[in-house]
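Here is the structure we will look at.
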Amino acid sequence: MTSVLDVVGVVKTYELEGLEVRALDGVDMAVHEGEMLAIMGPSGSGKSTLMHIIGLLDRPTTGTVTIEDQDVSNMSANELATVRNRRIGFVFQSFNLLARTTAMANVELPLVYAGVAASDRTKRASEALERVGLGDRLKHMPNQLSGGQQQRVAIARALVTAPSIVLADEPTGNLDSRSGVEVMDILQGLNREGITVVLVTHDDRVARHAQRIVHIRDGRIISEEQVEKRVDARAELEALRSGAVPEHVENVWVNGNSGVRPDSDDGAAR
Amino acid sequence: MNFVESFRIALRALNANKVRSALTMLGVIIGVAAVILLVAIGSGVQRDITGSIEGLGSNLLFALPGDFSEGGGPGGGGADIRKRFKMEDAETLRRRLPAGTVVVPVIQGQATLKYGNRTFRASVTGGNDQGDQVFNSTYNTGRHYNRGEYVSGERVLVLGDGPRQELFGGQNAVGRELTVNGQRFKVIGSIEAQGGSLTGDQDNAVYMPATTAQRLFGTSDLSSIILKAPEAEDVKAMKPQIEKILRPRFGDEFTVFTQEETLGLLTQILGTLTVMLAGIAGISLLVGGIGIMNIMLVSVSERTREIGIRKAVGARTYDIMSQFVIEAVVLSVTGGLVGIAIGWLGALALQSVVPTEITWWAVVIAFFFSAAVGVFFGVYPAWRASRLDPITALRYE
Ligand SMILES: Nc1ncnc2c1ncn2[C@@H]1O[C@H](COP(=O)(O)OP(=O)(O)OP(=O)(O)O)[C@@H](O)[C@H]1O
Ligand SMILES: [Mg+2]
């Protein structure tokens, strides 16, 4: 299998009041083309740090990152910006939408920097928003949208440039269970179309939407597993819609980190 | 990304943050408008006063009783007047100065004019038949009093525009009779309006022969003597001549000013006024600038996060910088133009109260200072943020 993303010996240290914090302590990882990969680990294990580095939002202290056979270690800030713009879609745990800016304008943003003409932009942005089920919310400001809707706007923004990789850092972390399933459905859909998806979660059930899970602890990869029984978000959604919550789904929600039933609305998982 | 696109992004960002944009602009507007307005008042007043003195002609000399040499000038209040000029002093001057020199004995005071049932409090200026050559006045009808009327002290009167409007409703008053402090006077001329002037009540003045005025006020004193040299070049030489003539009788207790000295003194005082106003204006500019700075710095964390988001989705340093420069320039220039408009209109509106004159350097300085402050504080934090890693910018607090 060819890999789209190679991480070799990545170390990231932070200096905090003279104390060295090793957020990443020598990570080697390959992301295969077209796969859906979940990174799991306890809080503070370095998941976000790793995501930021492979998303080219941050630079490793040592080690190399290669994207589609291109070593990005020595790229200038502007070159990195171009790679982020063309190849990578990043979905943040905390949405990171531009405030007081419509969903449409937020989704258009990467296209603006890609130099896409205005008319084409509008078309592609509204398609992306339709794709995530927000075709009727184009003119809404982030503060007029629910958390789940904001996350979907963020996903639309990540996919609008047709990137080869979508990186999602706890995309369901701030959402109730139903919105979480919707987001996972979108990500699985993207993956079916051949886009490589990497997501971070500390929810085992969310992780099992992926094909492969990498476990990380204290800045090191400790194990990896192939998911045997992949969860299909579309089936989950069907079940939620019909109201018949399958036994195993309910059990998982109750036993999972969130501890929230899928039908409870205030269940912002965390 | 091209310039048009940067411009659109900047406008969109300004539109998305209306309150911040408005407050920033307000800082520029206040600074610019205040400077323009205050400097306009300062230079307007200056122009007005110097203008009305220059209007008298540049070959004038003024002899005043009292020693002003240490008192700070006329109106300085330092002079202690013990001895006043008499008609004889004017006559002596006329006799001993070169032929062609105009010597006008001047007496000034206040009097109540009455015509029918209307009254008017006017300032009376008495002179001689050559007074029209030294008083800043243009006749619109009638004439100045003549030698005969002066010598015999006839009760004839020339009206300024104020009393003519008040007493005669702006009608031609020549030939009419009115009373001044109860005595009957005949109007023989009237003078054009001078317009709002800080030099005071020229429009409220009435002119009459000094002999008549002395009788009216019951005095044999003169207020001053105004002299006009035949040529402007003669003024310098004439001053010591006058002093020599007056010294035997007055010692040091009189002062002779040339037109130029008076003007110089006034210009100095008025210059101080303008500088003072400019100082106040400068403070407004500073306050406006600090306002801009505040708004910009307060929004730094929000803007830094915005920059983080933009960089995360692919904005290059150039994209960020062009957006912020355009934003800051648009705000500053718009604010500056609005400030100029407000300052200008304000200066025009104030013209009925106080003379104003728009000064181009005030406009330029105010505009560029405010714009520079606006652009600097808009761009500098953005420049710093644009050099951060996207993730650092996103985490900024
Ligand atoms: N900017 C920073 N400065 C100093 N230390 C940092 C910084 N960012 C992260 N760290 C440290 O690096 C470690 C890993 O952080 P990271 O955010 O990657 O954890 P995480 O696995 O994403 O946790 P969570 O599940 O809570 O999001 C933590 O110990 C954290 O304190
Ligand atoms: Mg994290």
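Lettering and numbering for the structure tokens are positional, with chains as A, B, ... in the shown order, residues counted from 1 in each chain, and ligands counted from 1 in the shown order.
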
Using only C-alpha atoms, find the residues of chain A whose closest atom to chain B is at most 8 Å away, then write them as a short mmCIF file (atom, residue, chain, number, x, y, z; two decimals) with C-alpha atoms, in the first residue's frame.
```cif
data_model
loop_
_atom_site.label_atom_id
_atom_site.label_comp_id
_atom_site.auth_asym_id
_atom_site.auth_seq_id
_atom_site.Cartn_x
_atom_site.Cartn_y
_atom_site.Cartn_z
CA HIS A 52 -1.15 19.75 13.94
CA LEU A 57 -0.01 23.81 11.15
CA ASP A 58 3.00 23.26 13.38
CA ALA A 77 5.79 29.18 5.66
CA ASN A 78 4.21 30.22 2.38
CA ALA A 81 0.33 27.38 3.32
CA THR A 82 -0.04 26.29 -0.27
CA VAL A 83 0.19 22.60 0.64
CA ARG A 84 -2.37 23.10 3.42
CA ASN A 85 -4.60 24.85 0.98
CA ARG A 86 -4.36 22.29 -1.85
CA GLY A 89 -8.52 19.74 4.92
CA PHE A 90 -8.36 20.30 8.66
CA ASN A 96 -12.44 27.68 14.32
CA LEU A 97 -14.88 29.42 12.03
CA LEU A 98 -14.54 33.13 11.32
CA ALA A 99 -16.94 34.96 13.59
CA ARG A 100 -19.63 37.22 12.12
CA THR A 101 -19.02 35.65 8.74
CA LEU A 109 -12.24 30.97 2.37
CA PRO A 110 -9.82 28.21 1.24
CA VAL A 112 -10.25 32.46 -2.07
CA TYR A 113 -6.67 31.69 -1.13
CA ALA A 114 -6.52 29.07 -3.86
CA GLY A 115 -7.30 31.81 -6.36
#
```

Contacts of ligand 2, 7 Å or closer, only C-alpha atoms and all ligand atoms, given as a list in words: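 Answer in the requested format: Ser43, Lys47, Ser48 and Asp169 of chain A.
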
Preceding selection exported with N, CA and C atoms as a short mmCIF file (atom, residue, chain, number, x, y, z; two decimals), in the first residue's frame:
```
data_model
loop_
_atom_site.label_atom_id
_atom_site.label_comp_id
_atom_site.auth_asym_id
_atom_site.auth_seq_id
_atom_site.Cartn_x
_atom_site.Cartn_y
_atom_site.Cartn_z
N SER A 43 -6.14 11.93 27.39
CA SER A 43 -5.92 13.37 27.31
C SER A 43 -4.47 13.70 27.62
N LYS A 47 -2.09 13.73 20.96
CA LYS A 47 -2.87 13.50 19.73
C LYS A 47 -2.98 14.78 18.90
N SER A 48 -3.39 15.85 19.57
CA SER A 48 -3.57 17.11 18.83
C SER A 48 -2.24 17.61 18.29
N ASP A 169 -9.64 16.62 14.20
CA ASP A 169 -9.23 16.47 15.60
C ASP A 169 -10.47 16.49 16.49
#
```

Length of the atom CA of Lys123 of chain A to atom CA of Ile155 of chain A vector [Å]: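 If I compute the distance from atom CA of Lys123 of chain A to atom CA of Ile155 of chain A, I get 16.5 Å.
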
Contact residues around Gly135 of chain A with only C-alpha atoms at 12 Å, ignoring same-chain residues under 2 positions, as a list in words: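 Using only C-alpha atoms, the neighbours found are Ala103, Met104, Lys123, Arg124, Ala125, Ser126, Glu127, Ala128, Leu129, Glu130, Arg131, Val132, Gly133, Arg137, Leu138, Lys139, His140, Gln149, Arg152, Val153 and Ala156 of chain A.
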
Taking only C-alpha atoms and all ligand atoms into account, which residues are within 7 Å of ligand 1, as a short mmCIF file (atom, residue, chain, number, x, y, z; two decimals) with C-alpha atoms, in the first residue's frame?
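Result file part30.cif:
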```cif
data_model
loop_
_atom_site.label_atom_id
_atom_site.label_comp_id
_atom_site.auth_asym_id
_atom_site.auth_seq_id
_atom_site.Cartn_x
_atom_site.Cartn_y
_atom_site.Cartn_z
CA TYR A 14 7.66 22.61 24.51
CA GLU A 15 9.59 24.77 26.91
CA LEU A 16 7.46 25.68 29.90
CA VAL A 21 7.55 19.05 27.96
CA ARG A 22 7.83 16.23 25.43
CA ALA A 23 4.46 16.28 23.71
CA GLY A 41 -5.15 8.08 23.44
CA PRO A 42 -5.81 9.63 26.79
CA SER A 43 -5.92 13.37 27.31
CA GLY A 44 -2.54 14.98 27.02
CA SER A 45 -1.01 12.06 25.16
CA GLY A 46 -0.08 14.25 22.21
CA LYS A 47 -2.87 13.50 19.73
CA SER A 48 -3.57 17.11 18.83
CA THR A 49 0.12 17.91 18.65
CA LEU A 50 0.58 15.09 16.18
CA HIS A 202 -10.80 9.24 22.77
#
```

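Put simply, atom CA of Asp232 of chain A is 7.7 Å away from atom CA of Asp185 of chain A.
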
Shell around Ala111 of chain B at 7 Å using only C-alpha atoms, local window under 5 positions removed, as a list in words: Arg121, Ala122, Ser123, Val124, Val180 and Asn181 of chain B
